[in-house]
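For reference, the structure discussed in these notes is given below.
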Amino acid sequence: MNLDVSAGLQVGRLALDVSLRVEAGTVTAVLGPNAAGKTTLLRAIAGELAVERGWVRLGDRVFDEPPGTFVRPEHRRIGAVHQEGLLFPHLTALENVAFGPRSRRVPAATARRAAAQWLDRVGLGQQATSRPAALSGGQAQRVALARALASEPDLLLLDEPLSALDASTRAEVRRELRQHLAGFDGPTVVVTHDPVDALVLADHVTVVEAGRVVQAGTVAELAARPRSRYVAELIGTNLLEGRAAGAELVTADGTTVITSSGLHGPAYATVAPSAVALHLAEPQGSPRNRWRTTVEHLDLLGDRVRVQLGSPLGLVAEVTPAAVAELSLVEGAAVWASVKATEVSVYAG
Amino acid sequence: MGALLAVAFLGLPLAGLLQRASWSTLWADLTSEQSLEALRLSLVTSLAAAAVAVLLGTPLAWILARTEVPGRSVIRGLVLLPMVVPPVVGGVALLSAFSLRSPIGGWLHDVFGLQLTFSTAGAVLAAAFVAMPFLVLTVEGALRGMDERYERVAAGLGADRFTVFRRVTLPMIGPSLAAGAVLAWARALGEFGATITFAGNVAGRTRTLPLAVYLELESDPQAAVALSVALLAVSLAVLVVLRDRWWVRS
């Protein structure tokens with residue numbers, strides 16, 4: 001049973017126009033900055049919003065296809081997990097998990113037995129009688145997942161399921177979530193702005209910006225060939241966009257970058273921050289690309305320092321703290337940046 | 001100075017009432033046959049009126065808070081009207097709608113043998129008319145203040161609208177519903193104008209506590225004061241029960 005979505009709708013100032021296909025048993029991450037339309041997309045799939053153009057289909061069932069068809073949320077059999085959990089505060093953990101089956105007319109005793117099994121599976125059998133207020137953030141998200149799975153959904157939607165958790169809990173819940181998703185045989189859509197979530201949980205990634213898909217593919221494809229500044233920043237590389245003419249790439253601001261490619265036409269190129277070298281004086285010798293620029297910003301990242309450079313290109317360089325001291329890099333300092341032609345990876349745009 | 005005057009203005013009548021009360025005969029005054037009858041009738045009519053307000057007012061509050069029904073502002077105006085209209089006018093309005101000579105009143109009488117005027121049912125109707133706004137406003141406010149996402153989650157889990165309301169909405173607005181019911185009940189308990197105009201002042205049928213107080217003031221002022229003290233005690237109790245919602249909140 002595959003999920004097939006082509007959602008066109010306007011919500012406030014956001015014009016959403018996104019297509020998405022998710023095969024049964026696979027996980028697709030919808031990645032994007034805040035207000036890109038990710039949650040709107042989920043709400044359209046769940047039936048909380050109706051699409052104005054396009055369709056929402058699951059297997060051979062049509063959930064939404066204007067003008068004629070709209071299936072109400074309670075009849076879609078979709079399991080959802082929200083950022084804040086949204087466990088019913090007046091019900092115990094067990095009653096929360098049993099809510100889905102009971103709403104589908106499963107006898108109360110049977111529903112509670114199934115709910116208890118689900119709580120055991122997420123490791124919270126002991127918390128069955130606790131109210132949500134007595135649960136930690138991580139426990140609440142586990143109960144929310146159990147609640148979604150206990151309703152025996154045909155499709156799972158996870159909306160930033162980990163972002164409300166602290167860092168150590170997040171890693172733990174993420175690992176468990178991966179196991180539970182592996183055991184789910186329907187399609188799963190997980191909305192996130194954290195690339196680690198996409199990396200760990202998803203088979204495919206769809207990147208949405210300002211209501212549109214800017215890139216879709218496997219995580220590896222995205223990492224190798226980013227097609228937007230947002231994706232490049234997520235994977236921590238420099239992205240150049242322009243026209244290639246043999247070994248030259250001319251960017252939009254008119255800067256010429258020497259490459260080792262033979263490509264012609266619109267192109268993207270990536271330059272790893274570690275491949276950007278910094279110098280006090282104009283470098284001599286092998287580097288084919290060198291620019292005079294300024295240091296805009298310094299960021300300590302583990303045992304490396306990320307140096308945001310100004311125009312041209314606005315590159316990010318990654319150097320050692322020792323190099324920062326040696327070159328007396330401070331914000332506003334003038335430096336030379338150089339990149340070897342072989343370090344510029346060009347692909348068609 | 002003005003504030004002091006205001007406090008005195010609000011407090012002096014209370015002090016006067018308590019000072020005039022004849023405490024030694026209070027119990028006897030309250031348990032006299034007429035008093036007990038009025039007390040019983042007041043309890044019955046006010047509780048019935050509160051129940052009517054809950055049963056009819058809660059769905060109305062839901063409609064006002066959750067739907068885009070056409071003419072919503074007109075409906076809200078209708079809900080508020082009994083709060084601002086003089087109760088005696090409300091009584092006259094009820095009389096014109098439900099008296100035996102009116103079309104609806106005549107029909108009720110011919111088909112069901114039901115007479116609202118000069119009957120306990122009429123007293124309940126009059127009290128419910130003035131009490132309902134308190135319930136609707138309180139519940140509507142609670143529904144608007146509630147996080148709607150819980151209702152969406154419940155629907156996503158397969159619950160139909162009624163199940164969502166019964167298992168999620170109602171429990172989550174429970175405290176406000178209770179507060180609205182208590183408010184409506186207190187208002188119904190004190191109802192005078194609409195009741196005496198519409199249902200009349202018939203001992204044992206429509207003579208509730210406020211009507212009894214009014215009547216006794218002529219014949220037995222001591223009993224009237226005793227009944228007033230009893231009503232005052234109930235009002236204070238309501239204030240104490242609902243204190244978290246108003247005065248201690250800040």
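Chain identifiers are assigned as A, B, and so on, following the order in which chains appear in the structure tokens; residues are numbered from 1 within each chain, and ligands are numbered from 1 in order of appearance.
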Residue hits in chain B, query chain A, radius 9 Å, only C-alpha atoms, as an mmCIF file with C-alpha atoms, in the first residue's frame:
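File produced: result36.cif:
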```cif
data_model
loop_
_atom_site.group_PDB
_atom_site.id
_atom_site.type_symbol
_atom_site.label_atom_id
_atom_site.label_comp_id
_atom_site.auth_asym_id
_atom_site.auth_seq_id
_atom_site.Cartn_x
_atom_site.Cartn_y
_atom_site.Cartn_z
ATOM 1 C CA ARG B 149 -5.235 19.717 18.672
ATOM 2 C CA TYR B 150 -6.361 17.151 21.241
ATOM 3 C CA ARG B 152 -7.829 16.481 16.096
ATOM 4 C CA VAL B 153 -5.635 13.756 17.591
ATOM 5 C CA ALA B 154 -8.735 11.935 18.814
ATOM 6 C CA ALA B 155 -10.349 12.145 15.372
ATOM 7 C CA GLY B 156 -7.101 10.896 13.832
ATOM 8 C CA LEU B 157 -7.284 7.872 16.124
ATOM 9 C CA GLY B 158 -10.655 7.037 14.606
ATOM 10 C CA ALA B 159 -13.066 8.650 17.050
ATOM 11 C CA ASP B 160 -16.273 10.049 15.528
ATOM 12 C CA ARG B 161 -17.395 13.541 16.532
ATOM 13 C CA THR B 163 -16.826 10.142 20.817
ATOM 14 C CA VAL B 164 -14.352 13.022 20.553
ATOM 15 C CA VAL B 168 -11.853 14.255 25.086
ATOM 16 C CA PRO B 171 -13.402 15.761 30.327
ATOM 17 C CA MET B 172 -11.008 18.546 29.354
#
```
TODO: Pick out the residues sitting within 9 Å of Leu242 of chain B, and hand them over as a PyMOL selection string; count only C-alpha atoms, and ignore anything fewer than 5 positions along from it in its own chain.
DONE: chain B and resi 179+182-183+237+247
For C-alpha atoms, I'd like the residues from the last selection saved as a PDB file, in the first residue's frame.
```pdb
ATOM      1  CA  ALA B 179     -18.441  26.065  37.277  1.00  0.00           C
ATOM      2  CA  VAL B 182     -22.983  26.116  39.606  1.00  0.00           C
ATOM      3  CA  LEU B 183     -23.313  29.677  38.305  1.00  0.00           C
ATOM      4  CA  ALA B 237     -20.958  29.018  49.438  1.00  0.00           C
ATOM      5  CA  TRP B 247     -11.110  36.383  43.236  1.00  0.00           C
TER       6      TRP B 247
END
```
Open item on the list: Just list as a list in words whatever in segment 275-340 of chain A DSSP marks as alpha helix (DSSP H).
Closed with: Pro321, Ala322, Ala323, Val324, Ala325 and Glu326 of chain A
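For segment 44-139 of chain A, backbone-based DSSP assignment of strand (DSSP E or B) covers Arg53, Gly54, Trp55, Val56, Arg57, Leu58, Arg61, Val62, Phe63, Asp64, Glu65, Thr69, Phe70, Ile78, Gly79, Ala80 and Val81 of chain A.
The environment of Pro266 of chain A within 6 Å, counting only C-alpha atoms and disregarding residues fewer than 2 places along the same chain, consists of Gly242, Arg243 and Gly349 of chain A.
For the set A:Val205, A:Leu239, A:Val316, A:Ala252, the residue with the smallest atom-to-atom gap to Ala277 of chain A is A:Val316, counting only C-alpha atoms.
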Task: Polymer residues at most 6 Å from Leu9 of chain A, only C-alpha atoms, same-chain spacing of 3 or more positions, as an MDAnalysis selection string - done: chainID A and resid 16 51:52
Selected residues, N, CA and C atoms, written as a JSON list (two decimals), in the first residue's frame, please.
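Ended up saving to out22.json:
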```json
[["chain", "number", "residue", "atom", "x", "y", "z"],
["A", 16, "LEU", "N", 1.40, 25.89, -0.79],
["A", 16, "LEU", "CA", 2.03, 24.57, -0.77],
["A", 16, "LEU", "C", 1.76, 23.86, -2.09],
["A", 51, "VAL", "N", -6.96, 19.38, 0.32],
["A", 51, "VAL", "CA", -6.15, 19.95, -0.76],
["A", 51, "VAL", "C", -7.09, 20.69, -1.72],
["A", 52, "GLU", "N", -6.56, 21.74, -2.33],
["A", 52, "GLU", "CA", -7.36, 22.47, -3.30],
["A", 52, "GLU", "C", -7.14, 21.91, -4.70]]
```
List as a PDB file with C-alpha atoms, in the first residue's frame the protein and nucleic acid residues near segment 318-328 of chain A, meaning an atom at most 12 Å away when only C-alpha atoms are counted, but skip any in the same chain fewer than 5 places from it.
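Output contents, as saved in part32.pdb:
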```
ATOM      1  CA  GLY A 236      27.848  21.120   6.099  1.00  0.00           C
ATOM      2  CA  THR A 237      29.309  21.857   2.681  1.00  0.00           C
ATOM      3  CA  ASN A 238      29.684  24.936   0.441  1.00  0.00           C
ATOM      4  CA  VAL A 271      33.498  22.587  -1.977  1.00  0.00           C
ATOM      5  CA  ALA A 272      34.131  20.884   1.368  1.00  0.00           C
ATOM      6  CA  PRO A 273      34.963  23.433   4.085  1.00  0.00           C
ATOM      7  CA  SER A 274      38.129  21.481   4.870  1.00  0.00           C
ATOM      8  CA  ALA A 275      39.264  22.080   1.276  1.00  0.00           C
ATOM      9  CA  VAL A 276      39.196  25.861   1.717  1.00  0.00           C
ATOM     10  CA  ALA A 277      42.696  27.003   2.805  1.00  0.00           C
ATOM     11  CA  LEU A 278      43.348  30.353   4.456  1.00  0.00           C
ATOM     12  CA  HIS A 279      46.487  32.501   4.126  1.00  0.00           C
ATOM     13  CA  LEU A 280      47.704  35.883   5.367  1.00  0.00           C
ATOM     14  CA  ALA A 281      49.433  36.743   2.085  1.00  0.00           C
ATOM     15  CA  VAL A 295      36.421  36.851   8.113  1.00  0.00           C
ATOM     16  CA  HIS A 297      32.248  34.943  11.764  1.00  0.00           C
ATOM     17  CA  LEU A 298      34.042  32.206  13.742  1.00  0.00           C
ATOM     18  CA  ASP A 299      32.381  29.101  15.224  1.00  0.00           C
ATOM     19  CA  LEU A 300      34.030  26.423  17.325  1.00  0.00           C
ATOM     20  CA  LEU A 301      32.765  23.003  16.236  1.00  0.00           C
ATOM     21  CA  GLY A 302      34.333  20.133  18.146  1.00  0.00           C
ATOM     22  CA  ASP A 303      38.078  20.407  17.614  1.00  0.00           C
ATOM     23  CA  ARG A 304      37.661  22.440  14.406  1.00  0.00           C
ATOM     24  CA  VAL A 305      36.839  26.075  13.801  1.00  0.00           C
ATOM     25  CA  ARG A 306      34.352  26.993  11.099  1.00  0.00           C
ATOM     26  CA  VAL A 307      35.219  30.310   9.506  1.00  0.00           C
ATOM     27  CA  GLN A 308      32.449  32.113   7.631  1.00  0.00           C
ATOM     28  CA  LEU A 309      34.029  34.240   4.901  1.00  0.00           C
ATOM     29  CA  ALA A 333      40.220  40.385   9.517  1.00  0.00           C
ATOM     30  CA  ALA A 334      41.372  40.351   5.872  1.00  0.00           C
ATOM     31  CA  VAL A 335      42.578  36.958   4.563  1.00  0.00           C
ATOM     32  CA  TRP A 336      43.252  35.077   1.347  1.00  0.00           C
ATOM     33  CA  ALA A 337      41.242  31.937   0.613  1.00  0.00           C
TER      34      ALA A 337
END
```
Task: For Ala348 of chain A: contacts at 9 Å, only C-alpha atoms, fewer than 6 positions along chain excluded, given as a list in words - done: Ala244, Leu263, His264, Gly265, Pro266, Ala267, Tyr268 and Ala269 of chain A
